[in-house]
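For reference, protein17.cif is printed below; it contains mmCIF, C-alpha atoms.
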```cif
data_protein
loop_
_atom_site.label_atom_id
_atom_site.label_comp_id
_atom_site.auth_asym_id
_atom_site.auth_seq_id
_atom_site.Cartn_x
_atom_site.Cartn_y
_atom_site.Cartn_z
CA MET A 19 60.14 109.98 110.44
CA GLN A 20 60.12 113.39 108.77
CA PRO A 21 59.32 112.78 105.09
CA ASP A 22 60.45 114.79 102.11
CA LYS A 23 63.10 116.94 103.75
CA LYS A 24 65.12 118.55 100.96
CA ILE A 25 68.87 118.05 100.70
CA ILE A 26 70.86 119.91 98.07
CA ILE A 27 74.33 118.56 97.25
CA VAL A 28 76.58 120.95 95.34
CA GLY A 29 79.23 119.00 93.44
CA SER A 30 79.33 115.48 91.97
CA GLY A 31 82.90 114.54 92.78
CA PHE A 32 83.73 111.55 94.95
CA ALA A 33 82.10 113.00 98.07
CA GLY A 34 78.96 114.43 96.48
CA LEU A 35 78.30 111.38 94.33
CA LYS A 36 78.84 108.91 97.17
CA LEU A 37 76.51 110.88 99.45
CA ALA A 38 73.75 111.00 96.80
CA ARG A 39 74.07 107.25 96.16
CA LYS A 40 73.89 106.48 99.88
CA LEU A 41 70.73 108.61 100.18
CA SER A 42 69.07 107.21 97.04
CA LYS A 43 66.90 104.84 99.11
CA SER A 44 66.21 107.28 101.92
CA ASN A 45 63.18 109.36 102.77
CA TYR A 46 64.92 112.54 101.67
CA HIS A 47 64.41 114.43 98.43
CA VAL A 48 67.93 115.01 97.08
CA THR A 49 68.97 117.47 94.37
CA LEU A 50 72.50 117.07 93.02
CA ILE A 51 73.82 120.20 91.25
CA ASP A 52 77.00 120.27 89.18
CA PHE A 53 78.52 122.22 86.30
CA HIS A 54 78.93 118.96 84.32
CA ASN A 55 76.38 116.25 83.67
CA PHE A 56 78.94 113.57 84.50
CA HIS A 57 81.17 112.35 87.33
CA GLU A 58 84.92 112.35 86.65
CA PHE A 59 87.43 109.82 87.96
CA GLN A 60 90.21 112.29 88.62
CA PRO A 61 93.05 109.87 89.54
CA LEU A 62 93.21 108.74 85.91
CA PHE A 63 93.21 112.15 84.23
CA TYR A 64 96.90 111.72 83.51
CA GLN A 65 96.12 108.61 81.44
CA VAL A 66 93.72 110.61 79.28
CA ALA A 67 96.35 113.32 78.86
CA SER A 68 98.99 110.73 77.86
CA ALA A 69 96.65 109.01 75.34
CA ARG A 70 96.22 105.79 77.33
CA LEU A 71 92.50 106.07 78.02
CA GLU A 72 89.58 107.72 76.31
CA PRO A 73 87.78 110.32 78.42
CA SER A 74 84.53 108.36 78.19
CA SER A 75 86.19 105.54 80.14
CA ILE A 76 86.55 107.71 83.24
CA SER A 77 83.47 109.94 82.85
CA PHE A 78 80.10 108.67 84.01
CA PRO A 79 76.73 110.35 83.15
CA LEU A 80 74.97 111.34 86.35
CA ARG A 81 71.50 110.55 85.04
CA LYS A 82 72.63 107.05 84.12
CA ILE A 83 74.04 106.51 87.62
CA PHE A 84 70.68 107.41 89.19
CA HIS A 85 68.36 105.56 86.81
CA GLY A 86 65.16 104.69 88.64
CA LYS A 87 66.04 106.69 91.77
CA LYS A 88 62.89 108.76 92.16
CA ASN A 89 64.12 110.79 95.12
CA ILE A 90 67.24 112.03 93.26
CA ASP A 91 67.08 115.03 90.91
CA ILE A 92 70.04 116.05 88.72
CA ARG A 93 70.44 119.70 87.79
CA ILE A 94 73.21 121.14 85.62
CA GLY A 95 74.38 124.64 86.39
CA ARG A 96 77.06 126.79 87.91
CA ILE A 97 76.25 128.14 91.36
CA GLU A 98 75.75 131.91 91.21
CA LYS A 99 75.18 132.40 94.93
CA ILE A 100 74.28 130.51 98.09
CA ASP A 101 71.83 132.33 100.35
CA ILE A 102 72.35 130.63 103.70
CA GLU A 103 70.06 133.00 105.61
CA ASN A 104 67.04 132.16 103.42
CA LYS A 105 68.16 128.59 102.61
CA LYS A 106 68.28 129.09 98.84
CA ILE A 107 70.68 128.20 96.01
CA HIS A 108 70.81 130.50 92.98
CA THR A 109 72.01 129.57 89.51
CA ILE A 110 71.64 131.97 86.59
CA ASN A 111 68.29 130.50 85.53
CA CYS A 112 66.95 128.78 88.63
CA GLU A 113 66.43 129.03 92.35
CA TYR A 114 66.32 126.05 94.70
CA ASP A 115 65.35 125.92 98.35
CA TYR A 116 66.63 123.39 100.84
CA ASP A 117 66.38 122.08 104.35
CA TYR A 118 69.97 120.85 104.39
CA LEU A 119 72.84 121.98 102.18
CA VAL A 120 75.96 119.91 101.50
CA ILE A 121 78.90 121.62 99.80
CA ALA A 122 81.10 119.13 97.96
CA THR A 123 82.67 121.37 95.32
CA GLY A 124 86.17 119.96 95.70
CA CYS A 125 89.31 121.80 94.65
CA THR A 126 90.55 123.85 91.76
CA ASN A 127 94.05 124.79 90.61
CA ASN A 128 96.03 127.14 92.80
CA TYR A 129 98.21 129.47 90.73
CA PHE A 130 99.24 131.45 93.80
CA GLY A 131 97.98 134.66 92.25
CA ASN A 132 100.11 134.47 89.10
CA LYS A 133 97.86 135.47 86.19
CA ASN A 134 100.42 134.57 83.52
CA ILE A 135 100.75 131.01 84.76
CA GLU A 136 96.97 130.76 84.96
CA LYS A 137 96.72 131.99 81.36
CA TYR A 138 99.47 129.98 79.69
CA ALA A 139 100.01 126.80 81.73
CA TYR A 140 98.09 123.58 81.09
CA PRO A 141 96.23 122.31 84.19
CA MET A 142 94.73 118.83 84.58
CA LYS A 143 91.81 119.06 87.00
CA THR A 144 88.93 118.25 84.62
CA THR A 145 88.29 115.94 81.67
CA PRO A 146 88.27 118.83 79.13
CA GLN A 147 91.61 120.03 80.53
CA ALA A 148 93.10 116.53 80.17
CA ILE A 149 91.89 116.36 76.56
CA ALA A 150 93.34 119.81 75.85
CA LEU A 151 96.70 118.70 77.24
CA ARG A 152 96.70 115.57 75.10
CA ASN A 153 95.96 117.68 72.01
CA LYS A 154 98.73 120.14 72.93
CA ILE A 155 101.36 117.43 73.35
CA LEU A 156 100.49 115.74 70.05
CA LEU A 157 100.23 119.04 68.17
CA ASN A 158 103.70 119.92 69.45
CA PHE A 159 105.23 117.01 67.57
CA GLU A 160 103.21 117.68 64.43
CA GLU A 161 104.32 121.31 64.39
CA SER A 162 107.95 120.49 65.14
CA LEU A 163 108.16 118.59 61.84
CA HIS A 164 107.88 121.86 59.92
CA ILE A 165 110.10 124.28 61.80
CA PRO A 166 113.87 124.92 61.54
CA LYS A 167 116.13 123.10 63.98
CA GLU A 168 117.21 126.30 65.70
CA GLU A 169 113.58 127.03 66.65
CA LYS A 170 112.76 123.58 68.04
CA GLU A 171 113.89 123.96 71.65
CA PRO A 172 110.47 125.05 73.05
CA PHE A 173 108.91 122.01 71.36
CA LEU A 174 111.45 119.60 72.84
CA ASN A 175 110.95 120.58 76.47
CA ILE A 176 107.83 119.43 78.33
CA ALA A 177 107.83 120.85 81.85
CA ILE A 178 105.66 119.52 84.67
CA VAL A 179 105.51 121.78 87.71
CA GLY A 180 104.73 119.91 90.91
CA GLY A 181 106.28 116.66 92.14
CA GLY A 182 103.25 115.24 93.93
CA PRO A 183 101.41 112.09 92.76
CA THR A 184 99.86 113.86 89.74
CA GLY A 185 103.17 115.23 88.52
CA VAL A 186 105.08 112.00 89.15
CA GLU A 187 102.49 109.80 87.43
CA LEU A 188 102.24 112.09 84.41
CA ALA A 189 106.03 112.39 84.11
CA GLY A 190 106.34 108.60 84.10
CA ALA A 191 103.60 108.21 81.48
CA LEU A 192 105.16 110.83 79.19
CA ALA A 193 108.61 109.25 79.61
CA GLU A 194 107.22 105.91 78.46
CA MET A 195 105.64 107.61 75.45
CA LYS A 196 108.98 109.24 74.62
CA ASN A 197 110.99 106.03 74.99
CA ILE A 198 108.65 103.49 73.40
CA VAL A 199 105.77 104.94 71.40
CA LEU A 200 106.60 108.30 69.85
CA PRO A 201 109.78 107.23 67.97
CA LYS A 202 107.58 104.87 65.93
CA ASP A 203 105.05 107.60 65.19
CA TYR A 204 107.66 110.23 64.29
CA PRO A 205 110.76 108.44 62.92
CA SER A 206 112.21 111.72 61.63
CA ILE A 207 112.35 113.26 65.12
CA ASP A 208 115.33 112.54 67.37
CA PHE A 209 113.56 111.88 70.66
CA SER A 210 116.83 111.72 72.55
CA GLU A 211 116.58 115.52 72.41
CA LEU A 212 113.10 115.56 73.99
CA ASN A 213 113.26 116.52 77.66
CA ILE A 214 110.60 115.60 80.21
CA LEU A 215 111.27 117.93 83.14
CA LEU A 216 109.71 117.62 86.59
CA ILE A 217 110.07 120.83 88.60
CA GLU A 218 109.48 120.64 92.35
CA GLY A 219 109.87 123.46 94.87
CA SER A 220 110.73 121.17 97.79
CA GLY A 221 113.60 118.73 98.20
CA ALA A 222 111.77 115.54 97.17
CA THR A 223 109.12 114.07 94.90
CA LEU A 224 105.98 112.64 96.57
CA GLY A 225 106.49 114.92 99.54
CA THR A 226 103.56 113.52 101.54
CA MET A 227 104.76 109.91 101.29
CA SER A 228 107.56 108.07 103.08
CA LYS A 229 111.23 108.81 102.49
CA LYS A 230 111.60 105.42 100.78
CA SER A 231 108.80 106.26 98.33
CA GLN A 232 110.37 109.63 97.65
CA GLU A 233 113.78 108.14 96.89
CA GLU A 234 112.41 105.22 94.87
CA SER A 235 110.06 107.37 92.78
CA GLN A 236 112.93 109.69 91.95
CA ALA A 237 115.17 106.76 91.02
CA TYR A 238 112.48 105.28 88.77
CA LEU A 239 111.92 108.58 86.97
CA GLU A 240 115.59 109.31 86.47
CA LYS A 241 116.14 105.81 85.05
CA MET A 242 113.30 106.50 82.59
CA GLY A 243 115.02 109.70 81.48
CA VAL A 244 112.99 112.31 83.37
CA LYS A 245 115.05 115.30 84.45
CA ILE A 246 114.10 116.22 88.03
CA MET A 247 114.68 119.75 89.27
CA LEU A 248 114.25 119.86 93.06
CA ASN A 249 114.29 122.96 95.24
CA THR A 250 113.37 124.94 92.15
CA ARG A 251 110.70 127.64 92.21
CA VAL A 252 108.73 128.77 89.15
CA GLU A 253 108.29 132.53 89.29
CA ASP A 254 106.56 133.25 85.98
CA TYR A 255 105.71 131.90 82.53
CA ASP A 256 104.87 133.77 79.32
CA GLY A 257 103.87 130.82 77.14
CA LYS A 258 107.40 130.29 75.80
CA THR A 259 109.79 130.86 78.70
CA ILE A 260 109.63 129.64 82.30
CA PHE A 261 111.31 132.06 84.69
CA LEU A 262 112.86 130.16 87.58
CA GLY A 263 114.27 131.31 90.89
CA GLY A 264 117.83 132.58 90.77
CA GLY A 265 117.37 134.19 87.37
CA LYS A 266 117.36 130.93 85.41
CA THR A 267 115.06 130.36 82.43
CA LEU A 268 113.71 127.37 80.51
CA GLN A 269 112.33 127.41 76.98
CA THR A 270 109.09 125.46 76.51
CA ASN A 271 105.66 125.99 75.01
CA THR A 272 104.19 123.21 77.18
CA MET A 273 104.16 123.83 80.90
CA ILE A 274 101.84 121.52 82.85
CA TRP A 275 100.66 122.86 86.21
CA ALA A 276 100.35 120.29 89.00
CA ALA A 277 101.82 122.42 91.77
CA GLY A 278 98.90 123.03 94.05
CA VAL A 279 95.17 123.13 94.70
CA MET A 280 92.79 125.24 96.71
CA GLY A 281 89.19 124.84 97.72
CA ASN A 282 86.55 125.74 95.15
CA ILE A 283 84.40 128.02 97.32
CA PRO A 284 80.92 128.98 96.01
CA GLU A 285 79.79 132.59 96.34
CA GLY A 286 77.86 133.21 99.55
CA ILE A 287 79.88 131.05 101.93
CA PRO A 288 80.63 133.20 105.02
CA LYS A 289 84.25 134.35 105.01
CA GLU A 290 84.70 133.53 108.69
CA THR A 291 84.28 129.83 107.85
CA ILE A 292 87.08 129.81 105.24
CA VAL A 293 90.50 128.67 106.47
CA ARG A 294 93.89 127.96 104.92
CA GLY A 295 93.88 126.29 101.57
CA ASN A 296 90.58 128.04 100.84
CA ARG A 297 88.73 125.25 102.64
CA ILE A 298 85.58 125.40 104.77
CA SER A 299 85.97 124.74 108.48
CA VAL A 300 83.63 122.02 109.78
CA ASP A 301 83.10 120.17 113.05
CA GLU A 302 83.39 116.41 113.57
CA PHE A 303 79.86 115.96 112.14
CA HIS A 304 80.78 117.80 108.89
CA GLN A 305 78.64 120.81 109.85
CA VAL A 306 79.99 124.22 108.88
CA LYS A 307 80.91 125.86 112.16
CA GLY A 308 78.28 128.37 113.25
CA PHE A 309 75.79 127.50 110.49
CA PRO A 310 73.26 124.75 111.27
CA ASP A 311 71.95 122.71 108.34
CA VAL A 312 75.02 123.53 106.19
CA TYR A 313 77.64 120.82 105.70
CA ALA A 314 80.86 120.39 103.74
CA ILE A 315 82.60 117.15 102.77
CA GLY A 316 85.45 116.09 100.53
CA ASP A 317 88.42 118.21 99.50
CA ILE A 318 86.58 121.45 100.28
CA SER A 319 86.15 120.60 103.98
CA TYR A 320 88.67 121.20 106.75
CA MET A 321 88.18 119.22 109.94
CA GLU A 322 90.73 119.30 112.74
CA THR A 323 90.82 116.27 115.05
CA THR A 324 93.29 114.84 117.55
CA GLU A 325 94.58 112.41 114.92
CA TRP A 326 94.51 115.03 112.13
CA PRO A 327 95.42 118.39 113.72
CA LYS A 328 96.09 119.95 110.30
CA GLY A 329 92.97 118.55 108.64
CA HIS A 330 92.46 115.37 106.64
CA PRO A 331 94.36 114.74 103.40
CA GLN A 332 92.54 115.68 100.21
CA LEU A 333 92.11 112.15 98.90
CA ALA A 334 89.24 110.24 97.28
CA ASN A 335 89.25 107.70 100.10
CA VAL A 336 88.73 110.43 102.70
CA ALA A 337 85.93 111.99 100.63
CA ASN A 338 84.13 108.65 100.28
CA HIS A 339 84.34 107.91 104.01
CA GLN A 340 83.07 111.38 104.89
CA ALA A 341 80.10 110.94 102.54
CA VAL A 342 79.19 107.58 104.09
CA ASN A 343 79.37 109.03 107.60
CA LEU A 344 77.23 112.05 106.70
CA ALA A 345 74.64 109.89 104.91
CA GLU A 346 74.33 107.68 107.98
CA ASN A 347 73.95 110.77 110.16
CA PHE A 348 71.18 112.12 107.94
CA ILE A 349 69.30 108.85 108.44
CA ARG A 350 69.90 109.05 112.20
CA LEU A 351 68.67 112.64 112.15
CA GLN A 352 65.34 111.50 110.70
CA LYS A 353 65.00 108.92 113.46
CA ASN A 354 66.02 111.36 116.22
CA GLN A 355 69.05 109.21 117.00
CA SER A 356 72.42 110.49 118.18
CA LEU A 357 74.92 111.38 115.46
CA HIS A 358 78.32 109.74 114.98
CA ALA A 359 81.46 111.86 114.78
CA PHE A 360 83.71 111.22 111.79
CA THR A 361 86.89 109.24 112.33
CA TYR A 362 89.42 108.25 109.70
CA LYS A 363 92.31 105.82 109.79
CA ASN A 364 94.78 106.19 106.95
CA PRO A 365 94.89 102.87 105.04
CA GLY A 366 97.97 103.98 103.10
CA THR A 367 99.00 105.90 100.01
CA MET A 368 100.39 104.89 96.64
CA ALA A 369 101.65 106.23 93.34
CA THR A 370 102.50 104.62 90.03
CA ILE A 371 105.47 105.76 87.97
CA GLY A 372 105.18 103.49 84.97
CA LYS A 373 104.89 99.93 83.77
CA ARG A 374 105.75 97.59 86.69
CA LYS A 375 106.86 100.63 88.68
CA ALA A 376 104.92 101.88 91.71
CA VAL A 377 105.38 102.66 95.39
CA VAL A 378 102.96 101.84 98.22
CA ASP A 379 103.05 103.07 101.81
CA LEU A 380 100.91 101.10 104.26
CA PRO A 381 100.66 101.95 107.97
CA LYS A 382 103.22 99.30 108.97
CA PHE A 383 105.29 98.59 105.88
CA HIS A 384 106.31 99.77 102.42
CA PHE A 385 106.79 98.01 99.11
CA LYS A 386 107.51 98.86 95.48
CA GLY A 387 107.87 97.41 92.00
CA MET A 388 105.68 94.92 90.14
CA PHE A 389 103.49 93.92 93.08
CA ALA A 390 102.93 97.54 94.08
CA TRP A 391 101.98 98.31 90.49
CA LEU A 392 99.43 95.46 90.43
CA VAL A 393 97.95 96.62 93.73
CA TRP A 394 97.65 100.16 92.36
CA MET A 395 95.85 98.91 89.23
CA PHE A 396 93.49 96.63 91.14
CA LEU A 397 92.41 99.26 93.67
CA HIS A 398 91.84 101.93 91.02
CA LEU A 399 89.90 99.50 88.85
CA MET A 400 87.63 98.64 91.77
CA LEU A 401 86.85 102.33 92.30
CA ILE A 402 85.71 102.81 88.70
CA LEU A 403 81.93 103.00 88.28
CA GLY A 404 80.18 100.46 86.08
CA VAL A 405 81.11 97.00 84.87
CA ARG A 406 81.49 98.20 81.27
CA SER A 407 83.99 100.92 82.21
CA LYS A 408 85.98 98.52 84.39
CA PHE A 409 86.15 96.09 81.46
CA VAL A 410 87.14 98.76 78.90
CA ILE A 411 89.87 100.17 81.14
CA PHE A 412 91.19 96.69 81.94
CA LEU A 413 91.36 95.83 78.23
CA ASN A 414 93.18 99.09 77.49
CA TRP A 415 95.69 98.40 80.25
CA MET A 416 96.31 94.85 79.07
CA PHE A 417 96.68 95.96 75.44
CA ASN A 418 99.15 98.65 76.50
CA TYR A 419 101.03 96.19 78.69
CA PHE A 420 101.60 93.57 75.99
CA THR A 421 102.06 95.89 73.00
CA ASN A 422 103.73 98.90 74.68
CA ASP A 423 101.38 101.00 72.60
CA SER A 424 97.91 102.49 72.46
CA THR A 425 95.62 103.50 69.61
CA LEU A 426 94.32 106.68 71.23
CA ARG A 427 96.78 109.26 69.92
CA VAL A 428 94.16 111.25 68.03
CA ILE A 429 93.94 115.04 67.96
CA LEU A 430 90.32 116.04 68.51
CA LEU A 431 89.89 119.79 68.22
CA PRO A 432 86.47 121.48 68.49
CA SER A 433 84.76 122.52 65.27
CA LYS A 434 83.06 125.91 64.94
CA LYS A 435 79.73 124.26 65.68
CA GLN A 436 81.16 122.63 68.83
CA SER A 437 82.55 125.99 69.92
CA LEU A 438 79.09 127.53 69.52
CA LEU A 439 77.58 124.69 71.53
CA GLY A 440 80.21 125.31 74.17
CA GLU A 441 79.18 128.93 74.38
CA GLU A 442 75.54 127.89 74.74
CA TYR A 443 76.54 125.48 77.51
CA GLU A 444 78.42 128.25 79.30
CA GLN A 445 75.30 130.43 79.13
CA LEU A 446 73.18 127.57 80.48
CA THR A 447 75.47 126.80 83.40
CA SER A 448 76.93 130.16 84.38
#
```
Take the structure in the file and give it back as structure tokens.
Amino acid sequence: MQPDKKIIIVGSGFAGLKLARKLSKSNYHVTLIDFHNFHEFQPLFYQVASARLEPSSISFPLRKIFHGKKNIDIRIGRIEKIDIENKKIHTINCEYDYDYLVIATGCTNNYFGNKNIEKYAYPMKTTPQAIALRNKILLNFEESLHIPKEEKEPFLNIAIVGGGPTGVELAGALAEMKNIVLPKDYPSIDFSELNILLIEGSGATLGTMSKKSQEESQAYLEKMGVKIMLNTRVEDYDGKTIFLGGGKTLQTNTMIWAAGVMGNIPEGIPKETIVRGNRISVDEFHQVKGFPDVYAIGDISYMETTEWPKGHPQLANVANHQAVNLAENFIRLQKNQSLHAFTYKNPGTMATIGKRKAVVDLPKFHFKGMFAWLVWMFLHLMLILGVRSKFVIFLNWMFNYFTNDSTLRVILLPSKKQSLLGEEYEQLTS
């Protein structure tokens, strides 16, 4: 055994967190570095944005997760540079050395180079972004109460760009709010004039799922009142007007961006290792090609295999399996045992559209409706960290199910003091 080898894990998403937990009883000294001091359960961001869950229900303090784990250190900071040659990590205030480096920085929004969309659209890749979107949606309705009818159109169009699982699930949640909840909150607003628009550049929603799931998800959404615009490309957005392909325009002051992601590459990663999607090319043992002792797992990694010639899908299940495989290989490395190549069999994919509405694709069959919805809820609940959070989320879901309502439609804007604290936090972590 080689004691006290240092492993630095950059990123506390599904892959980074799972790897650290698997190594928490090992003979390694592990340092987990992230911009936030908490792990986020990204699949439920849309429920925070649609006022179904509080952010604390899906955010888990890292130090709490690793209570009593003496070989795990948590450090908060934004990576300034990775020095692979000298095996060092630089943040603005600190420097860390390592024996092995694992990059698990996940993905960020891909705006395809459009600075206006990046500036004005509302993304949903972090907890603060989901909270900001919830505030924006609720503030829209508050403001619309005080403006003339002829000026209301931008407030009565909510556009979601991207018809993947995130866009579909958010569209369904907002449609349920429109149809059931909001008319009670704002009886003076005619919500029949509110449009939930889902804009997708391809010819189908849920493009990575089966044709049945694509057709059924579209049918569910249309029945709920969502207007689906397929084969429609967003060219620009100025905060009030969406400019579509073919010279068409759409008036809205709320455009939600769910159209694409790209790898979140830290500074210092050799450019020759970066491939399409801004991901890092790795071999079947998760090692960055050409750079011993540097690994990448999760959404940031790109591994081509016979079964996955275009790389693995960027899913939580893949990230978790990669982390388990790498953790086991680190243990084997200590014992001078042979390493195991990563293999992945797709267990299936799923998406929920609304209450009692979901689609599930398994390797050999497909199903939808109430049972699919229950399966979706059960599997997501099992992935949530902590008994308390599981219980709180379950209670929220049951309350929403039986009452068709939630009590979380509060607008929480930062005070001046909070803004100052935010600036201090930025200085600490950047």
| Who sits within 6 Å of region 180-183 of chain A, only C-alpha atoms, same chain under 2 positions skipped, as a PyMOL selection string | chain A and resi 185-187+217-218+223-224+276-277+369
| field | Separation of CA of Gln60 (chain A) from CA of Tyr129 (chain A) in Å | value |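 Computing the Euclidean distance for CA of Tyr129 (chain A) and CA of Gln60 (chain A) yields 19.1 Å.
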| query | Which residues, protein or nucleic acid, reach to within 12 Å of (112.0, 130.1, 82.5) in the file's coordinates when using only C-alpha atoms, and can you give that as a PyMOL selection string? | reply | chain A and resi 135+172+175+177+179+217+250-273
| request: Name the residues that the PyMOL selection byres ((chain A and resi 232) around 12) pulls out of this structure, and write them as a ChimeraX atom specification. | output: /A:181-183,186,220-231,233-239,248,368-369,371,376-379,384,386
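Residues matched by the PyMOL selection byres ((chain A and resi 303) around 10) in this file: Val300, Asp301, Glu302, His304, Gln305, Val306, Lys307, Tyr313, Ala314, Ile315, Met321, Gln340, Asn343, Leu344, Asn347, Leu357, His358, Ala359, Phe360 and Thr361 of chain A.
Distances to Glu103 (chain A) were evaluated for A:Gly131, A:Gly29, A:Gly387, A:Pro310 using all atoms listed in the file, and the minimum falls at A:Pro310.
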| said: Excluding Gly86 (chain A) and its own-chain neighbours fewer than 6 positions away, which residues fall within 12 Å of it when counting only C-alpha atoms? Please give them as a VMD selection string. | reply: chain A and resid 39 42 to 43
Per residue of region 59-148 of chain A within 10 Å of region 391-401 of chain A, record the nearest atom pair and its distance in Å to one decimal, counting all atoms listed in the file, with rows in chain order and ascending residue number, as JSON lines.
```
{"residue": "A:Phe59", "atom": "CA", "partner": "A:Leu401", "partner_atom": "CA", "distance": 8.7}
{"residue": "A:Pro61", "atom": "CA", "partner": "A:His398", "partner_atom": "CA", "distance": 8.2}
{"residue": "A:Leu62", "atom": "CA", "partner": "A:His398", "partner_atom": "CA", "distance": 8.6}
```
Taking every listed atom of region 350-359 of chain A and adding 8 Å to each side, what centre and edge lengths in Å (one decimal) does the axis-aligned box have, as JSON?
```
{"center_x": 73.2, "center_y": 110.8, "center_z": 114.4, "size_x": 32.5, "size_y": 19.7, "size_z": 23.5}
```
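Here the selection is built from only C-alpha atoms, and the residues within 9 Å of (74.3, 110.3, 93.1) turn out to be Ser30, Gly34, Leu35, Lys36, Leu37, Ala38, Arg39, Lys40, Leu41, Ser42, Val48, Leu50, Leu80, Arg81, Ile83, Phe84, Ile90, Asp91 and Ile92 of chain A.
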| said: Neighbouring residues of region 195-199 of chain A were defined as those with any atom within 7 Å, considering only C-alpha atoms; residues of the same chain fewer than 4 positions away were excluded. Please report them as an MDAnalysis selection string. | reply: chainID A and resid 191 203 209 422:423
| Result set, the PyMOL selection byres ((chain A and resi 145) around 12) on current file, as a count of residues only | 32
| Pick from A:Asn158, A:Thr370, A:Thr291, A:Ser210, whichever lies nearest to Phe309 (chain A) using only C-alpha atoms | A:Thr291
| message | What does the structure give for the distance between CA of Phe130 (chain A) and CA of Pro331 (chain A), in Å to one decimal? | response |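 A separation of 19.9 Å between them.
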| task | Calculate how many Å separate CA of Phe53 (chain A) from CA of Asn282 (chain A), rounding to one decimal. | result |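 Spanning CA of Phe53 (chain A) to CA of Asn282 (chain A) is a straight-line distance of 12.5 Å.
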| Tyr114 (chain A) environment, 12 Å, all atoms listed in the file, sequence neighbours closer than 6 positions dropped, as a ChimeraX atom specification | /A:24-28,48-51,91,93,95,97-102,104-108
